[in-house]
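A.B. asks: Here you go, final-v1.cif (mmCIF, N, CA and C atoms and all ligand atoms):
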```
data_input
loop_
_atom_site.label_atom_id
_atom_site.label_comp_id
_atom_site.auth_asym_id
_atom_site.auth_seq_id
_atom_site.Cartn_x
_atom_site.Cartn_y
_atom_site.Cartn_z
N MET A 5 10.62 7.65 -23.66
CA MET A 5 9.50 8.31 -22.97
C MET A 5 9.72 8.30 -21.45
N ALA A 6 9.34 9.39 -20.80
CA ALA A 6 9.51 9.47 -19.33
C ALA A 6 8.70 8.37 -18.65
N LYS A 7 9.29 7.73 -17.68
CA LYS A 7 8.56 6.74 -16.87
C LYS A 7 7.57 7.48 -15.98
N ARG A 8 6.43 6.83 -15.74
CA ARG A 8 5.32 7.48 -15.02
C ARG A 8 5.19 6.89 -13.61
N VAL A 9 5.15 7.79 -12.62
CA VAL A 9 5.00 7.35 -11.22
C VAL A 9 3.71 7.95 -10.66
N LEU A 10 2.86 7.06 -10.16
CA LEU A 10 1.65 7.50 -9.46
C LEU A 10 2.02 7.72 -7.99
N VAL A 11 1.84 8.94 -7.50
CA VAL A 11 2.17 9.28 -6.11
C VAL A 11 0.86 9.39 -5.32
N LEU A 12 0.65 8.45 -4.40
CA LEU A 12 -0.61 8.41 -3.66
C LEU A 12 -0.41 8.76 -2.20
N ASN A 13 -1.33 9.53 -1.68
CA ASN A 13 -1.31 9.96 -0.28
C ASN A 13 -2.65 9.61 0.36
N GLY A 14 -2.57 8.97 1.52
CA GLY A 14 -3.78 8.50 2.20
C GLY A 14 -4.40 9.54 3.12
N PRO A 15 -5.28 9.07 4.00
CA PRO A 15 -6.13 9.95 4.79
C PRO A 15 -5.36 10.89 5.72
N ASN A 16 -5.91 12.09 5.83
CA ASN A 16 -5.41 13.15 6.73
C ASN A 16 -4.13 13.82 6.26
N LEU A 17 -3.54 13.31 5.17
CA LEU A 17 -2.32 13.98 4.68
C LEU A 17 -2.65 15.31 4.01
N ASN A 18 -3.91 15.53 3.68
CA ASN A 18 -4.34 16.85 3.20
C ASN A 18 -4.21 17.91 4.29
N LEU A 19 -4.08 17.47 5.54
CA LEU A 19 -3.98 18.42 6.67
C LEU A 19 -2.54 18.77 7.03
N LEU A 20 -1.58 18.22 6.27
CA LEU A 20 -0.18 18.50 6.61
C LEU A 20 0.08 20.00 6.63
N GLY A 21 0.94 20.40 7.53
CA GLY A 21 1.20 21.84 7.71
C GLY A 21 0.59 22.30 9.02
N THR A 22 -0.64 21.82 9.28
CA THR A 22 -1.30 22.16 10.55
C THR A 22 -1.49 20.94 11.43
N ARG A 23 -1.41 19.74 10.86
CA ARG A 23 -1.64 18.51 11.63
C ARG A 23 -0.37 18.14 12.42
N GLU A 24 -0.46 18.15 13.72
CA GLU A 24 0.66 17.72 14.58
C GLU A 24 2.02 18.07 13.98
N PRO A 25 2.30 19.37 13.79
CA PRO A 25 3.55 19.75 13.10
C PRO A 25 4.81 19.27 13.82
N GLU A 26 4.71 19.05 15.13
CA GLU A 26 5.89 18.54 15.86
C GLU A 26 6.25 17.13 15.39
N LYS A 27 5.27 16.41 14.84
CA LYS A 27 5.56 15.06 14.31
C LYS A 27 5.77 15.10 12.80
N TYR A 28 4.86 15.81 12.10
CA TYR A 28 4.83 15.70 10.64
C TYR A 28 5.52 16.85 9.92
N GLY A 29 5.97 17.86 10.69
CA GLY A 29 6.67 18.98 10.07
C GLY A 29 5.71 20.06 9.61
N SER A 30 6.28 21.11 9.04
CA SER A 30 5.47 22.27 8.65
C SER A 30 5.16 22.28 7.16
N ASP A 31 5.73 21.37 6.39
CA ASP A 31 5.42 21.32 4.95
C ASP A 31 3.96 20.94 4.75
N THR A 32 3.31 21.61 3.82
CA THR A 32 1.95 21.23 3.43
C THR A 32 2.05 20.15 2.35
N LEU A 33 0.89 19.56 2.02
CA LEU A 33 0.91 18.56 0.94
C LEU A 33 1.26 19.23 -0.39
N ASP A 34 0.86 20.50 -0.55
CA ASP A 34 1.25 21.24 -1.77
C ASP A 34 2.77 21.39 -1.84
N ASP A 35 3.39 21.65 -0.68
CA ASP A 35 4.86 21.75 -0.67
C ASP A 35 5.48 20.41 -1.08
N ILE A 36 4.92 19.32 -0.58
CA ILE A 36 5.45 17.99 -0.92
C ILE A 36 5.24 17.70 -2.40
N GLU A 37 4.09 18.12 -2.92
CA GLU A 37 3.87 17.93 -4.36
C GLU A 37 4.91 18.70 -5.18
N ALA A 38 5.21 19.94 -4.75
CA ALA A 38 6.21 20.75 -5.47
C ALA A 38 7.58 20.07 -5.41
N LEU A 39 7.93 19.53 -4.23
CA LEU A 39 9.20 18.80 -4.08
C LEU A 39 9.23 17.60 -5.02
N CYS A 40 8.11 16.88 -5.09
CA CYS A 40 8.04 15.70 -5.98
C CYS A 40 8.17 16.13 -7.44
N ARG A 41 7.52 17.24 -7.82
CA ARG A 41 7.59 17.69 -9.23
C ARG A 41 9.01 18.10 -9.60
N ASP A 42 9.68 18.84 -8.72
CA ASP A 42 11.07 19.24 -8.98
C ASP A 42 11.96 18.00 -9.11
N THR A 43 11.77 17.05 -8.19
CA THR A 43 12.58 15.82 -8.21
C THR A 43 12.31 15.03 -9.48
N ALA A 44 11.03 14.91 -9.83
CA ALA A 44 10.66 14.14 -11.02
C ALA A 44 11.25 14.77 -12.28
N ASN A 45 11.20 16.10 -12.36
CA ASN A 45 11.77 16.78 -13.54
C ASN A 45 13.25 16.46 -13.67
N ALA A 46 13.95 16.52 -12.53
CA ALA A 46 15.40 16.27 -12.56
C ALA A 46 15.71 14.83 -12.95
N LEU A 47 14.77 13.91 -12.64
CA LEU A 47 15.00 12.48 -12.92
C LEU A 47 14.34 12.02 -14.22
N ASP A 48 13.73 12.96 -14.94
CA ASP A 48 12.99 12.65 -16.17
C ASP A 48 11.88 11.62 -15.90
N LEU A 49 11.15 11.86 -14.82
CA LEU A 49 9.96 11.06 -14.51
C LEU A 49 8.74 11.95 -14.71
N SER A 50 7.60 11.36 -15.04
CA SER A 50 6.37 12.14 -14.98
C SER A 50 5.56 11.62 -13.80
N ILE A 51 4.93 12.53 -13.06
CA ILE A 51 4.20 12.08 -11.88
C ILE A 51 2.74 12.53 -11.92
N ASP A 52 1.93 11.70 -11.30
CA ASP A 52 0.51 11.99 -11.09
C ASP A 52 0.35 11.96 -9.57
N PHE A 53 0.11 13.12 -8.95
CA PHE A 53 0.14 13.26 -7.49
C PHE A 53 -1.28 13.38 -6.95
N ARG A 54 -1.68 12.49 -6.07
CA ARG A 54 -3.06 12.48 -5.58
C ARG A 54 -3.14 12.22 -4.08
N GLN A 55 -4.26 12.65 -3.48
CA GLN A 55 -4.54 12.36 -2.06
C GLN A 55 -6.01 11.99 -1.94
N SER A 56 -6.30 11.01 -1.08
CA SER A 56 -7.70 10.70 -0.79
C SER A 56 -7.86 10.27 0.65
N ASN A 57 -9.01 10.61 1.21
CA ASN A 57 -9.36 10.15 2.56
C ASN A 57 -10.16 8.85 2.51
N HIS A 58 -10.35 8.29 1.29
CA HIS A 58 -11.24 7.15 1.10
C HIS A 58 -10.48 5.93 0.60
N GLU A 59 -10.59 4.85 1.34
CA GLU A 59 -9.85 3.62 1.01
C GLU A 59 -10.21 3.11 -0.40
N GLY A 60 -11.52 3.09 -0.70
CA GLY A 60 -11.96 2.56 -2.00
C GLY A 60 -11.44 3.38 -3.16
N GLU A 61 -11.36 4.69 -2.98
CA GLU A 61 -10.84 5.55 -4.04
C GLU A 61 -9.36 5.24 -4.29
N LEU A 62 -8.61 5.04 -3.21
CA LEU A 62 -7.19 4.68 -3.36
C LEU A 62 -7.07 3.33 -4.09
N VAL A 63 -7.93 2.37 -3.74
CA VAL A 63 -7.91 1.06 -4.39
C VAL A 63 -8.18 1.21 -5.89
N THR A 64 -9.18 2.02 -6.24
CA THR A 64 -9.50 2.23 -7.66
C THR A 64 -8.33 2.89 -8.39
N TRP A 65 -7.71 3.87 -7.77
CA TRP A 65 -6.55 4.53 -8.42
C TRP A 65 -5.40 3.55 -8.61
N ILE A 66 -5.20 2.66 -7.63
CA ILE A 66 -4.13 1.65 -7.78
C ILE A 66 -4.47 0.72 -8.95
N GLN A 67 -5.72 0.29 -9.03
CA GLN A 67 -6.12 -0.59 -10.15
C GLN A 67 -5.90 0.11 -11.48
N ASP A 68 -6.27 1.38 -11.57
CA ASP A 68 -6.13 2.14 -12.82
C ASP A 68 -4.66 2.27 -13.23
N ALA A 69 -3.77 2.25 -12.23
CA ALA A 69 -2.35 2.46 -12.51
C ALA A 69 -1.77 1.38 -13.41
N LEU A 70 -2.45 0.24 -13.47
CA LEU A 70 -1.98 -0.85 -14.33
C LEU A 70 -1.79 -0.36 -15.76
N ASN A 71 -2.67 0.55 -16.19
CA ASN A 71 -2.60 1.05 -17.57
C ASN A 71 -1.98 2.43 -17.68
N THR A 72 -1.72 3.08 -16.56
CA THR A 72 -1.32 4.49 -16.65
C THR A 72 0.00 4.82 -15.95
N ALA A 73 0.61 3.84 -15.26
CA ALA A 73 1.83 4.15 -14.50
C ALA A 73 2.83 3.00 -14.62
N ASP A 74 4.09 3.34 -14.37
CA ASP A 74 5.17 2.34 -14.36
C ASP A 74 5.58 1.97 -12.94
N ALA A 75 5.20 2.79 -11.97
CA ALA A 75 5.55 2.54 -10.57
C ALA A 75 4.62 3.36 -9.69
N ILE A 76 4.58 2.98 -8.42
CA ILE A 76 3.72 3.68 -7.45
C ILE A 76 4.55 4.07 -6.24
N LEU A 77 4.43 5.33 -5.84
CA LEU A 77 4.95 5.79 -4.54
C LEU A 77 3.72 6.02 -3.68
N ILE A 78 3.67 5.39 -2.52
CA ILE A 78 2.47 5.55 -1.68
C ILE A 78 2.84 5.83 -0.24
N ASN A 79 2.21 6.87 0.32
CA ASN A 79 2.14 7.04 1.76
C ASN A 79 0.70 6.70 2.13
N PRO A 80 0.47 5.47 2.57
CA PRO A 80 -0.92 5.05 2.82
C PRO A 80 -1.50 5.62 4.11
N ALA A 81 -0.66 6.35 4.86
CA ALA A 81 -1.08 6.95 6.13
C ALA A 81 -1.72 5.88 7.03
N ALA A 82 -2.84 6.17 7.67
CA ALA A 82 -3.41 5.20 8.62
C ALA A 82 -3.80 3.88 7.95
N TYR A 83 -4.11 3.91 6.65
CA TYR A 83 -4.47 2.65 5.97
C TYR A 83 -3.30 1.67 5.88
N SER A 84 -2.08 2.16 6.09
CA SER A 84 -0.92 1.25 6.15
C SER A 84 -1.19 0.13 7.13
N HIS A 85 -1.79 0.51 8.26
CA HIS A 85 -1.89 -0.39 9.41
C HIS A 85 -3.18 -1.19 9.43
N THR A 86 -4.05 -0.93 8.46
CA THR A 86 -5.38 -1.58 8.50
C THR A 86 -5.82 -2.21 7.19
N SER A 87 -5.24 -1.80 6.05
CA SER A 87 -5.92 -2.08 4.78
C SER A 87 -5.40 -3.30 4.03
N VAL A 88 -6.13 -4.39 4.14
CA VAL A 88 -5.87 -5.56 3.30
C VAL A 88 -6.26 -5.23 1.86
N ALA A 89 -7.26 -4.37 1.67
CA ALA A 89 -7.72 -4.01 0.31
C ALA A 89 -6.61 -3.29 -0.47
N ILE A 90 -5.89 -2.39 0.18
CA ILE A 90 -4.80 -1.69 -0.51
C ILE A 90 -3.64 -2.66 -0.76
N HIS A 91 -3.35 -3.52 0.19
CA HIS A 91 -2.33 -4.57 0.00
C HIS A 91 -2.70 -5.40 -1.23
N ASP A 92 -3.95 -5.86 -1.30
CA ASP A 92 -4.38 -6.73 -2.41
C ASP A 92 -4.29 -6.01 -3.75
N ALA A 93 -4.70 -4.74 -3.77
CA ALA A 93 -4.68 -3.97 -5.03
C ALA A 93 -3.25 -3.80 -5.52
N LEU A 94 -2.34 -3.48 -4.60
CA LEU A 94 -0.93 -3.32 -4.98
C LEU A 94 -0.36 -4.65 -5.48
N ARG A 95 -0.73 -5.73 -4.82
CA ARG A 95 -0.25 -7.05 -5.26
C ARG A 95 -0.82 -7.38 -6.64
N ALA A 96 -2.07 -7.01 -6.86
CA ALA A 96 -2.73 -7.34 -8.13
C ALA A 96 -2.08 -6.62 -9.31
N VAL A 97 -1.74 -5.35 -9.15
CA VAL A 97 -1.18 -4.61 -10.29
C VAL A 97 0.30 -4.94 -10.50
N ALA A 98 0.95 -5.38 -9.42
CA ALA A 98 2.34 -5.87 -9.51
C ALA A 98 3.30 -4.86 -10.13
N LEU A 99 3.08 -3.58 -9.85
CA LEU A 99 4.05 -2.54 -10.25
C LEU A 99 5.05 -2.34 -9.10
N PRO A 100 6.25 -1.84 -9.39
CA PRO A 100 7.17 -1.53 -8.28
C PRO A 100 6.56 -0.46 -7.37
N VAL A 101 6.61 -0.73 -6.07
CA VAL A 101 6.00 0.17 -5.08
C VAL A 101 7.06 0.65 -4.11
N ALA A 102 7.08 1.96 -3.86
CA ALA A 102 7.88 2.53 -2.77
C ALA A 102 6.91 3.04 -1.72
N GLU A 103 7.08 2.58 -0.48
CA GLU A 103 6.22 3.02 0.63
C GLU A 103 6.96 4.11 1.41
N VAL A 104 6.28 5.19 1.67
CA VAL A 104 6.90 6.32 2.37
C VAL A 104 6.07 6.71 3.59
N HIS A 105 6.76 6.99 4.69
CA HIS A 105 6.12 7.61 5.86
C HIS A 105 6.99 8.78 6.28
N LEU A 106 6.35 9.87 6.61
CA LEU A 106 7.08 11.05 7.08
C LEU A 106 7.79 10.74 8.39
N THR A 107 7.09 10.04 9.27
CA THR A 107 7.63 9.73 10.60
C THR A 107 8.22 8.32 10.61
N ASN A 108 9.03 8.05 11.62
CA ASN A 108 9.54 6.69 11.81
C ASN A 108 8.47 5.91 12.58
N ILE A 109 7.69 5.15 11.83
CA ILE A 109 6.53 4.47 12.44
C ILE A 109 6.97 3.47 13.50
N HIS A 110 8.21 3.01 13.45
CA HIS A 110 8.69 2.01 14.42
C HIS A 110 9.03 2.62 15.77
N GLN A 111 9.14 3.96 15.79
CA GLN A 111 9.39 4.64 17.07
C GLN A 111 8.09 5.10 17.72
N ARG A 112 6.96 4.81 17.05
CA ARG A 112 5.69 5.36 17.53
C ARG A 112 4.85 4.26 18.21
N GLU A 113 3.56 4.48 18.33
CA GLU A 113 2.70 3.52 19.04
C GLU A 113 2.80 2.14 18.38
N PRO A 114 2.69 1.08 19.17
CA PRO A 114 2.79 -0.28 18.61
C PRO A 114 1.85 -0.53 17.44
N PHE A 115 0.65 0.08 17.44
CA PHE A 115 -0.29 -0.20 16.33
C PHE A 115 0.22 0.35 15.00
N ARG A 116 1.24 1.20 15.03
CA ARG A 116 1.80 1.72 13.76
C ARG A 116 3.00 0.90 13.29
N HIS A 117 3.42 -0.10 14.06
CA HIS A 117 4.66 -0.81 13.71
C HIS A 117 4.49 -1.75 12.53
N HIS A 118 3.25 -2.22 12.31
CA HIS A 118 3.03 -3.12 11.18
C HIS A 118 2.33 -2.36 10.05
N SER A 119 2.85 -2.56 8.84
CA SER A 119 2.19 -2.01 7.65
C SER A 119 1.85 -3.15 6.70
N PHE A 120 0.58 -3.21 6.28
CA PHE A 120 0.15 -4.21 5.30
C PHE A 120 0.76 -3.94 3.92
N VAL A 121 1.25 -2.73 3.71
CA VAL A 121 1.80 -2.36 2.40
C VAL A 121 3.25 -2.84 2.25
N SER A 122 3.98 -2.91 3.35
CA SER A 122 5.42 -3.21 3.25
C SER A 122 5.70 -4.53 2.53
N ALA A 123 4.82 -5.52 2.72
CA ALA A 123 5.05 -6.84 2.11
C ALA A 123 4.94 -6.80 0.59
N VAL A 124 4.31 -5.76 0.06
CA VAL A 124 4.18 -5.67 -1.41
C VAL A 124 4.99 -4.50 -1.97
N ALA A 125 5.85 -3.90 -1.13
CA ALA A 125 6.68 -2.79 -1.59
C ALA A 125 8.09 -3.29 -1.92
N VAL A 126 8.72 -2.64 -2.89
CA VAL A 126 10.14 -2.92 -3.14
C VAL A 126 10.94 -2.46 -1.93
N GLY A 127 10.58 -1.30 -1.39
CA GLY A 127 11.28 -0.77 -0.24
C GLY A 127 10.44 0.24 0.51
N VAL A 128 10.88 0.54 1.73
CA VAL A 128 10.15 1.44 2.63
C VAL A 128 11.10 2.52 3.11
N ILE A 129 10.64 3.77 3.08
CA ILE A 129 11.44 4.88 3.61
C ILE A 129 10.59 5.57 4.67
N CYS A 130 11.08 5.61 5.91
CA CYS A 130 10.30 6.28 6.94
C CYS A 130 11.21 7.06 7.87
N GLY A 131 10.70 8.18 8.35
CA GLY A 131 11.42 8.95 9.35
C GLY A 131 12.20 10.14 8.83
N PHE A 132 12.21 10.33 7.50
CA PHE A 132 13.00 11.43 6.92
C PHE A 132 12.13 12.62 6.51
N GLY A 133 10.89 12.65 7.01
CA GLY A 133 10.01 13.76 6.67
C GLY A 133 9.74 13.80 5.17
N ALA A 134 9.52 15.01 4.67
CA ALA A 134 9.18 15.17 3.25
C ALA A 134 10.29 14.67 2.33
N SER A 135 11.52 14.70 2.82
CA SER A 135 12.65 14.20 1.99
C SER A 135 12.44 12.75 1.58
N GLY A 136 11.67 12.00 2.36
CA GLY A 136 11.40 10.61 2.04
C GLY A 136 10.77 10.45 0.65
N TYR A 137 9.95 11.42 0.26
CA TYR A 137 9.32 11.35 -1.08
C TYR A 137 10.40 11.50 -2.16
N ARG A 138 11.35 12.42 -1.94
CA ARG A 138 12.43 12.63 -2.90
C ARG A 138 13.30 11.37 -3.00
N LEU A 139 13.63 10.81 -1.83
CA LEU A 139 14.46 9.60 -1.81
C LEU A 139 13.75 8.44 -2.51
N ALA A 140 12.45 8.34 -2.29
CA ALA A 140 11.69 7.24 -2.90
C ALA A 140 11.61 7.41 -4.42
N LEU A 141 11.45 8.65 -4.89
CA LEU A 141 11.44 8.87 -6.35
C LEU A 141 12.78 8.51 -6.96
N GLN A 142 13.87 8.87 -6.26
CA GLN A 142 15.21 8.51 -6.76
C GLN A 142 15.35 6.99 -6.84
N ALA A 143 14.88 6.29 -5.80
CA ALA A 143 15.00 4.82 -5.78
C ALA A 143 14.16 4.20 -6.89
N LEU A 144 12.97 4.74 -7.11
CA LEU A 144 12.11 4.18 -8.18
C LEU A 144 12.72 4.45 -9.56
N ALA A 145 13.29 5.66 -9.73
CA ALA A 145 13.92 5.99 -11.03
C ALA A 145 15.02 4.97 -11.34
N GLU A 146 15.82 4.63 -10.31
CA GLU A 146 16.89 3.63 -10.53
C GLU A 146 16.29 2.28 -10.85
N LYS A 147 15.24 1.92 -10.13
CA LYS A 147 14.59 0.62 -10.32
C LYS A 147 14.01 0.51 -11.74
N LEU A 148 13.54 1.63 -12.28
CA LEU A 148 12.88 1.61 -13.60
C LEU A 148 13.86 1.71 -14.76
N GLN A 149 15.14 1.92 -14.47
CA GLN A 149 16.12 2.08 -15.57
C GLN A 149 16.29 0.78 -16.36
C1 LIG A 201 2.16 8.33 8.37
C2 LIG A 201 2.25 7.43 9.61
C3 LIG A 201 0.90 6.78 9.91
O1 LIG A 201 0.99 5.96 11.06
C4 LIG A 201 -0.14 7.84 10.15
O2 LIG A 201 -1.42 7.24 10.33
C5 LIG A 201 -0.20 8.88 9.10
C6 LIG A 201 1.05 9.34 8.49
C7 LIG A 201 3.48 9.10 8.15
O3 LIG A 201 3.64 9.63 7.04
O4 LIG A 201 4.32 9.19 9.05
O5 LIG A 201 -1.24 9.44 8.80
O6 LIG A 201 1.96 7.50 7.25
#
```
Can the structure in the file be given as structure tokens, please?
Ligand code: DQA

C.D. replies:
Amino acid sequence: MAKRVLVLNGPNLNLLGTREPEKYGSDTLDDIEALCRDTANALDLSIDFRQSNHEGELVTWIQDALNTADAILINPAAYSHTSVAIHDALRAVALPVAEVHLTNIHQREPFRHHSFVSAVAVGVICGFGASGYRLALQALAEKLQ
């Protein structure tokens, strides 16, 4: 059976395409979803792709993943830098986690240099734009073999 990956996107990522395109690129979140679906098909993964602007909703989806997913790919967006709740939820479900950021957060403002998610992720990919999602799915597919 195909392994299942929950792909989560945090706040403001619904605005991709028009949001600071010089930083985040011109791909929309729909474009990124299409890239993830193509990649998942090629890797024989099934994906559930979601976005929320609400921390609690992301926490609930992470909790639900315990019964519905084999791994999580998450771009927590601004919650990376603030959310102990998302850190705790990821630690609680104990599924393999890949953290993705479109931008290289270490080259940006100091408040973006720390992510609460990194400590509970298998690995972090940042700075490669939308390709980071493809790279993270490849890494998770290998991890799940
Ligand atoms: C982001 C980086 C975060 O610092 C920022 O708050 C985002 C997007 C990225 O993908 O580069 O919303 O996670």

A.B. asks: Which residues form the shell of 7 Å around ligand LIG 201 (chain A) when you count all atoms listed in the file, given as a count of residues only?

C.D. replies: 22

A.B. asks: Give me the residues within 10 Å of stretch 132-143 of chain A as a PyMOL selection string, counting only C-alpha atoms and dropping any in the same chain fewer than 4 places off.

C.D. replies: chain A and resi 9+11+27-33+35-37+39-44+46-47+49+51+75-79+101-108+126-128+147-148

A.B. asks: Could you check which of A:Leu10, A:Leu144, A:Ala96, A:Ile90 is closest to A:Phe120, using only C-alpha atoms?

C.D. replies: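 Smallest separation from A:Phe120 among the options: A:Ile90.
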
A.B. asks: Record the distance separating atom CA of A:Asn45 and atom N of A:Asn13, expressed in Å with one decimal.

C.D. replies: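 Between atom CA of A:Asn45 and atom N of A:Asn13 the gap works out to 19.1 Å.
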
A.B. asks: Quick one: axis-aligned box around all listed atoms of stretch 65-77 of chain A, 3 Å on every side, centre and edge lengths in Å to one decimal, written as JSON.

C.D. replies:
```
{"center_x": -1.1, "center_y": 2.6, "center_z": -10.7, "size_x": 19.3, "size_y": 12.9, "size_z": 20.0}
```

A.B. asks: Would you return as a list in words the members of chain A that DSSP assigns to strand (DSSP E or B) on this structure's backbone?

C.D. replies: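 Selection result, strand (DSSP E or B) within chain A: Lys7, Arg8, Val9, Leu10, Val11, Leu12, Asn13, Leu49, Ser50, Ile51, Asp52, Phe53, Arg54, Gln55, Ala75, Ile76, Leu77, Ile78, Asn79, Val101, Ala102, Glu103, Val104, His105, Gly127, Val128, Ile129 and Cys130 of chain A.
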
A.B. asks: Which of these, A:Asp52, A:Asp92, A:Glu24, A:Asp68, has the shortest distance to A:Val121 once you count all atoms listed in the file?

C.D. replies: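 Going through A:Asp52, A:Asp92, A:Glu24, A:Asp68 one by one, the smallest distance to A:Val121 is for A:Asp92.
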
A.B. asks: When distances are computed from only N, CA and C atoms, which of A:Asn18, A:Leu99, A:His110, A:Ala125 shows the smallest separation from A:Ser56?

C.D. replies: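 Using only N, CA and C atoms, the shortest distance to A:Ser56 belongs to A:Asn18.
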
A.B. asks: Give me, please, the distance in Å between atom N of A:Arg23 and atom C of A:Glu113, quoted to one decimal.

C.D. replies: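 Separation of atom N of A:Arg23 and atom C of A:Glu113: 19.6 Å.
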
A.B. asks: Calculate how many Å separate atom CA of A:Leu12 from atom CA of A:Arg54, rounding to one decimal.

C.D. replies: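 Atom CA of A:Arg54 lies 5.1 Å from atom CA of A:Leu12.
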
A.B. asks: Which one is closest to A:Arg95: A:His58, A:Ala123, A:Ala145, A:Gln111? Count only N, CA and C atoms.

C.D. replies: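 Between A:His58, A:Ala123, A:Ala145, A:Gln111, the residue approaching A:Arg95 most closely is A:Ala123.
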
A.B. asks: Tell me which protein, DNA and RNA residues are within 9 Å of A:Gln67, counting only C-alpha atoms, leaving out same-chain ones fewer than 6 positions away, and put them as a PyMOL selection string.

C.D. replies: chain A and resi 93-94+96-97

A.B. asks: Restricting the calculation to only C-alpha atoms, which member of A:Pro100, A:Arg112, A:Gly60, A:Thr22 is positioned closest to A:Val124?

C.D. replies: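 Checking each candidate against A:Val124, we get A:Pro100 as the closest.
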
A.B. asks: Let me make sure I understand: among A:Pro114, A:His91, A:Ser50, A:Ala38, which one has the smallest atom-to-atom distance to A:Val63 if we use only C-alpha atoms?

C.D. replies: A:His91
